[in-house]
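To be precise, the following lines are model13.pdb, and they hold PDB, C-alpha atoms and all ligand atoms.
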ATOM      1  CA  MET F 296      -3.414  22.172  18.840
ATOM      2  CA  ILE F 297      -5.245  22.942  15.638
ATOM      3  CA  ASN F 298      -8.530  24.820  15.919
ATOM      4  CA  PRO F 299     -12.011  23.577  14.838
ATOM      5  CA  TYR F 300     -11.821  25.508  11.562
ATOM      6  CA  GLN F 301      -8.514  23.834  10.694
ATOM      7  CA  MET F 302      -9.946  20.469  11.718
ATOM      8  CA  ALA F 303     -12.851  20.970   9.281
ATOM      9  CA  LEU F 304     -10.392  21.927   6.541
ATOM     10  CA  LEU F 305      -8.319  18.831   7.287
ATOM     11  CA  GLU F 306     -11.378  16.581   7.056
ATOM     12  CA  ALA F 307     -12.380  18.192   3.749
ATOM     13  CA  GLU F 308      -8.894  17.640   2.340
ATOM     14  CA  ILE F 309      -8.110  14.115   3.503
ATOM     15  CA  GLY F 310     -11.582  12.646   4.127
ATOM     16  CA  LYS F 311     -13.407  11.318   7.177
ATOM     17  CA  LYS F 312     -11.808   7.848   7.208
ATOM     18  CA  ARG F 313      -8.278   9.226   7.039
ATOM     19  CA  LEU F 314      -9.059  11.727   9.784
ATOM     20  CA  GLU F 315     -10.419   8.934  11.994
ATOM     21  CA  HIS F 316      -7.159   7.048  11.418
ATOM     22  CA  SER F 317      -5.248  10.181  12.480
ATOM     23  CA  GLN F 318      -7.363  10.445  15.633
ATOM     24  CA  ARG F 319      -6.507   6.832  16.484
ATOM     25  CA  VAL F 320      -2.827   7.616  15.844
ATOM     26  CA  SER F 321      -3.186  10.549  18.241
ATOM     27  CA  GLN F 322      -4.617   8.346  21.006
ATOM     28  CA  THR F 323      -1.939   5.707  20.462
ATOM     29  CA  ALA F 324       0.877   8.275  20.308
ATOM     30  CA  SER F 325      -0.372   9.891  23.522
ATOM     31  CA  SER F 326      -0.395   6.521  25.210
ATOM     32  CA  ILE F 327       3.211   5.788  24.128
ATOM     33  CA  ASN F 328       4.160   9.275  25.303
ATOM     34  CA  ASP F 329       2.880   8.576  28.835
ATOM     35  CA  THR F 330       6.219   6.982  29.666
ATOM     36  CA  ILE F 331       8.284   9.475  27.644
ATOM     37  CA  GLY F 332       6.814  12.798  28.684
ATOM     38  CA  LEU F 333       7.069  15.008  25.603
ATOM     39  CA  ASN F 334       4.791  18.027  25.306
ATOM     40  CA  PRO F 335       1.387  16.317  24.843
ATOM     41  CA  ILE F 336       0.130  19.102  22.550
ATOM     42  CA  TRP F 337       3.032  18.495  20.170
ATOM     43  CA  VAL F 338       2.327  14.765  20.177
ATOM     44  CA  GLN F 339      -1.381  15.257  19.423
ATOM     45  CA  THR F 340      -0.771  17.930  16.785
ATOM     46  CA  SER F 341       1.830  15.827  14.959
ATOM     47  CA  ALA F 342      -0.498  12.822  14.987
ATOM     48  CA  ILE F 343      -3.608  14.677  13.808
ATOM     49  CA  LEU F 344      -1.680  16.341  10.986
ATOM     50  CA  HIS F 345       0.687  13.520   9.999
ATOM     51  CA  ASP F 346      -1.364  12.614   6.900
ATOM     52  CA  CYS F 347      -2.440  16.182   6.015
ATOM     53  CA  GLY F 348      -0.577  15.843   2.712
ATOM     54  CA  ARG F 349      -2.589  12.787   1.705
ATOM     55  CA  LEU F 350      -5.043  14.881  -0.302
ATOM     56  CA  LYS F 351      -8.212  13.205  -1.561
ATOM     57  CA  ASP F 352      -7.957  15.279  -4.711
ATOM     58  CA  LYS F 353      -4.823  13.737  -6.194
ATOM     59  CA  ASP F 354      -4.458  16.475  -8.813
ATOM     60  CA  GLN F 355      -3.977  18.942  -6.002
ATOM     61  CA  ILE F 356      -0.794  17.229  -4.867
ATOM     62  CA  SER F 357       1.311  18.529  -7.753
ATOM     63  CA  VAL F 358      -0.455  21.911  -7.585
ATOM     64  CA  ARG F 359       0.473  22.323  -3.915
ATOM     65  CA  LEU F 360       4.007  21.012  -4.396
ATOM     66  CA  LYS F 361       4.464  23.741  -7.005
ATOM     67  CA  ARG F 362       2.819  26.376  -4.826
ATOM     68  CA  TYR F 363       5.374  25.836  -2.092
ATOM     69  CA  GLY F 364       8.270  25.500  -4.527
ATOM     70  CA  ILE F 365       9.029  21.981  -3.299
ATOM     71  CA  VAL F 366      11.649  20.179  -5.345
ATOM     72  CA  LEU F 367      11.444  16.424  -4.778
ATOM     73  CA  ASP F 368      14.484  14.178  -4.822
ATOM     74  CA  SER F 369      14.557  11.639  -7.636
ATOM     75  CA  GLN F 370      13.525   8.808  -5.301
ATOM     76  CA  THR F 371      10.428  10.656  -4.102
ATOM     77  CA  GLN F 372       9.447  12.009  -7.509
ATOM     78  CA  ASP F 373       7.587   8.911  -8.664
ATOM     79  CA  SER F 374       6.037   7.824  -5.390
ATOM     80  CA  PRO F 375       2.756   9.416  -4.222
ATOM     81  CA  GLN F 376       3.205   7.386  -1.033
ATOM     82  CA  LEU F 377       6.436   9.250  -0.235
ATOM     83  CA  GLN F 378       5.294  12.595  -1.639
ATOM     84  CA  HIS F 379       2.468  13.006   0.850
ATOM     85  CA  ALA F 380       4.851  13.249   3.792
ATOM     86  CA  VAL F 381       7.002  15.892   2.099
ATOM     87  CA  LEU F 382       3.947  17.916   1.099
ATOM     88  CA  GLY F 383       2.380  17.379   4.530
ATOM     89  CA  ARG F 384       5.308  19.041   6.264
ATOM     90  CA  PHE F 385       4.737  22.202   4.203
ATOM     91  CA  LEU F 386       0.951  22.150   4.547
ATOM     92  CA  ALA F 387       1.375  21.794   8.309
ATOM     93  CA  GLN F 388       3.503  24.934   8.359
ATOM     94  CA  TYR F 389       1.772  27.187   5.834
ATOM     95  CA  GLN F 390      -1.821  25.974   5.907
ATOM     96  CA  TYR F 391      -2.166  24.907   9.534
ATOM     97  CA  GLY F 392       0.269  27.407  11.042
ATOM     98  CA  ILE F 393       2.578  24.966  12.798
ATOM     99  CA  GLN F 394       5.910  26.546  13.748
ATOM    100  CA  GLU F 395       7.615  23.853  15.836
ATOM    101  CA  ALA F 396      10.365  22.179  13.828
ATOM    102  CA  ALA F 397       9.944  19.036  15.938
ATOM    103  CA  VAL F 398       6.311  18.677  14.830
ATOM    104  CA  LEU F 399       7.141  19.438  11.187
ATOM    105  CA  ASN F 400       9.874  16.792  11.211
ATOM    106  CA  ALA F 401       7.574  14.193  12.770
ATOM    107  CA  ILE F 402       5.226  14.725   9.806
ATOM    108  CA  ARG F 403       8.067  14.824   7.287
ATOM    109  CA  TYR F 404       9.616  11.502   8.359
ATOM    110  CA  HIS F 405       6.537   9.459   9.292
ATOM    111  CA  THR F 406       6.684   7.511   6.012
ATOM    112  CA  THR F 407      10.355   6.838   5.304
ATOM    113  CA  ALA F 408      11.705   7.194   8.854
ATOM    114  CA  ARG F 409      15.359   8.267   9.023
ATOM    115  CA  ALA F 410      18.529   7.545  10.983
ATOM    116  CA  GLY F 411      18.639   9.279  14.370
ATOM    117  CA  MET F 412      14.988  10.184  14.703
ATOM    118  CA  SER F 413      13.850  12.436  17.553
ATOM    119  CA  PRO F 414      11.608  10.899  20.244
ATOM    120  CA  LEU F 415       8.587  12.670  18.700
ATOM    121  CA  GLU F 416       9.429  11.326  15.224
ATOM    122  CA  LYS F 417       9.700   7.811  16.671
ATOM    123  CA  ILE F 418       6.392   8.027  18.528
ATOM    124  CA  ILE F 419       4.472   9.170  15.439
ATOM    125  CA  TYR F 420       6.218   6.672  13.156
ATOM    126  CA  VAL F 421       5.373   3.734  15.404
ATOM    127  CA  ALA F 422       1.878   4.933  16.392
ATOM    128  CA  ASP F 423       0.943   5.147  12.704
ATOM    129  CA  ALA F 424       1.776   1.458  12.317
ATOM    130  CA  ILE F 425       0.068   0.155  15.460
ATOM    131  CA  GLU F 426      -3.002   2.369  16.045
ATOM    132  CA  PHE F 427      -5.874   0.184  17.227
ATOM    133  CA  GLY F 428      -7.523   0.057  13.798
ATOM    134  CA  ARG F 429      -4.512  -1.878  12.458
ATOM    135  CA  ASP F 430      -4.825  -5.644  12.325
ATOM    136  CA  TYR F 431      -1.984  -7.832  11.077
ATOM    137  CA  ASP F 432       0.226 -10.647  12.329
ATOM    138  CA  GLY F 433       2.582  -9.367  14.995
ATOM    139  CA  VAL F 434       0.817  -6.075  15.684
ATOM    140  CA  ASP F 435       0.236  -6.915  19.362
ATOM    141  CA  ARG F 436       3.909  -7.616  19.848
ATOM    142  CA  LEU F 437       4.699  -4.227  18.262
ATOM    143  CA  ARG F 438       2.172  -2.570  20.600
ATOM    144  CA  TYR F 439       3.966  -4.099  23.565
ATOM    145  CA  LEU F 440       7.372  -2.989  22.277
ATOM    146  CA  ALA F 441       6.107   0.529  21.507
ATOM    147  CA  HIS F 442       5.259   1.014  25.170
ATOM    148  CA  ASN F 443       8.362  -0.692  26.547
ATOM    149  CA  GLN F 444      11.227  -0.655  24.018
ATOM    150  CA  LEU F 445      10.460   2.156  21.589
ATOM    151  CA  ASN F 446      13.735   1.845  19.657
ATOM    152  CA  GLN F 447      13.173  -1.842  19.078
ATOM    153  CA  ALA F 448       9.623  -1.100  17.940
ATOM    154  CA  VAL F 449      11.033   1.491  15.509
ATOM    155  CA  TYR F 450      13.463  -1.070  14.114
ATOM    156  CA  GLU F 451      10.800  -3.718  13.641
ATOM    157  CA  VAL F 452       8.349  -1.330  11.959
ATOM    158  CA  ILE F 453      11.077  -0.116   9.568
ATOM    159  CA  LYS F 454      12.057  -3.696   8.800
ATOM    160  CA  GLN F 455       8.491  -4.826   8.132
ATOM    161  CA  THR F 456       7.813  -1.763   5.972
ATOM    162  CA  ILE F 457      10.920  -2.374   3.861
ATOM    163  CA  ASP F 458       9.973  -6.056   3.439
ATOM    164  CA  PHE F 459       6.451  -5.048   2.390
ATOM    165  CA  VAL F 460       7.715  -2.493  -0.127
ATOM    166  CA  LYS F 461      10.144  -5.043  -1.595
ATOM    167  CA  GLN F 462       7.451  -7.716  -1.846
ATOM    168  CA  ASN F 463       5.399  -5.268  -3.866
ATOM    169  CA  HIS F 464       8.404  -4.643  -6.116
ATOM    170  CA  GLN F 465       8.474  -1.019  -5.122
ATOM    171  CA  PHE F 466      11.442   1.166  -4.474
ATOM    172  CA  VAL F 467      12.854   1.497  -0.933
ATOM    173  CA  HIS F 468      13.969   5.061  -0.195
ATOM    174  CA  THR F 469      17.588   5.512   0.921
ATOM    175  CA  GLN F 470      16.388   7.191   4.137
ATOM    176  CA  SER F 471      14.561   3.994   5.109
ATOM    177  CA  ILE F 472      17.615   1.838   4.398
ATOM    178  CA  GLN F 473      19.775   4.168   6.496
ATOM    179  CA  ALA F 474      17.162   4.099   9.263
ATOM    180  CA  ALA F 475      17.130   0.277   9.281
ATOM    181  CA  GLU F 476      20.932   0.273   9.496
ATOM    182  CA  TYR F 477      20.865   2.816  12.344
ATOM    183  CA  TYR F 478      18.236   1.024  14.451
ATOM    184  CA  LYS F 479      19.577  -2.477  13.806
ATOM    185  CA  LYS F 480      21.408  -2.393  17.127
ATOM    186  CA  TYR F 481      18.017  -2.520  18.877
ATOM    187  CA  LYS F 482      16.902  -5.709  17.229
ATOM    188  CA  GLU F 483      17.604  -8.105  20.112
ATOM    189  CA  ASP F 484      14.519 -10.107  20.849
ATOM    190  CA  LEU F 485      13.023  -9.538  24.293
ATOM    191  CA  PHE F 486      11.068 -12.758  24.057
ATOM    192  CA  GLU F 487      13.976 -15.162  23.549
TER     193      GLU F 487
HETATM  194 FE    FE T   1      -0.979   7.440   8.834
END

Mind turning this structure into structure tokens?
Ligand SMILES: [Fe+2]
Amino acid sequence: MINPYQMALLEAEIGKKRLEHSQRVSQTASSINDTIGLNPIWVQTSAILHDCGRLKDKDQISVRLKRYGIVLDSQTQDSPQLQHAVLGRFLAQYQYGIQEAAVLNAIRYHTTARAGMSPLEKIIYVADAIEFGRDYDGVDRLRYLAHNQLNQAVYEVIKQTIDFVKQNHQFVHTQSIQAAEYYKKYKEDLFE
């Protein structure tokens, strides 16, 4: 778990509102994890830090990317939305001292998702979409699925995210398309 000093640094870098979101993600992720049983510290740490790359000071994003020698792929280059997850993975390691690859990957893939996600990656990805501050059509159904059919919840969140990105005429990253393809087999509807 990150210490109080790191927590203060995180709040300074991402802002109070974003930190409160991350705390809700942590509570939601912990609740999903009750039936899965991963190391609870890893779940909470991944959730608290998942948006650590979403810096309030936008100019700092390129500064930090350079500092860590991060070379972005062409699809991520033009998207601040995608960049924050890549940067966040490095900030988690070098600024917040996280060593566990599982935690770093949960942060890295919480925006695009990817094919064959680990259980921790899936928990954080879904918890981010359904934390109790979220309010949109279908969110209660996703909350139910998250606690009962996590893979199906993953598929539905990926699908809805891709649809949203397309509606906004934005680019869908290849990793998300591959993830949707991979999790498609879980799309059967429990309610039919
Ligand atoms: Fe988030």

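Comparing the minimum interatomic distances between ligand FE 1 (chain T) and each of F:Gln355, F:Asn446, F:Thr406, F:Gln455, counting all atoms listed in the file, we find that F:Thr406 sits nearest.
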
Check which residues satisfy the PyMOL selection byres (((chain F and resi 387) around 12) and not hetatm) in the file shown, then give them as a ChimeraX atom specification.
-> /F:296-297,301-302,304-305,340-349,363,379-386,388-403

Show which residues sit within 10 Å of F:Ser374, as a PDB file with C-alpha atoms, in the frame of the given file. Count only C-alpha atoms, and ignore same-chain residues fewer than 6 positions away.
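The result, written out as part-v9.pdb:
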ATOM      1  CA  GLN F 465       8.474  -1.019  -5.122  1.00  0.00           C
ATOM      2  CA  PHE F 466      11.442   1.166  -4.474  1.00  0.00           C
ATOM      3  CA  HIS F 468      13.969   5.061  -0.195  1.00  0.00           C
TER       4      HIS F 468
END

Within 6 Å of F:Glu308, counting all atoms listed in the file, which residues qualify if same-chain residues fewer than 2 places away don't, as a compact mmCIF listing (two decimals) with C-alpha atoms, in the coordinates of the input?
# COMPACT_ATOMS: atom_id res chain seq x y z
CA LEU F 305 -8.32 18.83 7.29
CA GLU F 306 -11.38 16.58 7.06
CA GLY F 310 -11.58 12.65 4.13
CA LEU F 350 -5.04 14.88 -0.30
CA LYS F 351 -8.21 13.20 -1.56

Which chains and residue numbers are within 9 Å of ligand FE 1 (chain T), counting only C-alpha atoms and all ligand atoms, if I want them as an MDAnalysis selection string?
-> chainID F and resid 313 316:317 320 342 345:346 405:406 419:420 422:424

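One distance worth recording is that between atom CA of F:Asp435 and atom CA of F:Lys482, which is 16.8 Å.
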
Atomic distance atom CA of F:Pro335 - atom CA of F:Leu314, expressed in Å with one decimal = 18.9 Å

Evaluating the PyMOL selection byres (((chain F and resi 474) around 12) and not hetatm) on the displayed file yields which residues, as a PyMOL selection string?
-> chain F and resi 404-412+417+420+446+449-454+456-457+467-473+475-481

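Closest approach to F:Gln339 among F:Ser325, F:Asp373, F:Arg362, F:Lys353 is made by F:Ser325 (distances from only C-alpha atoms).
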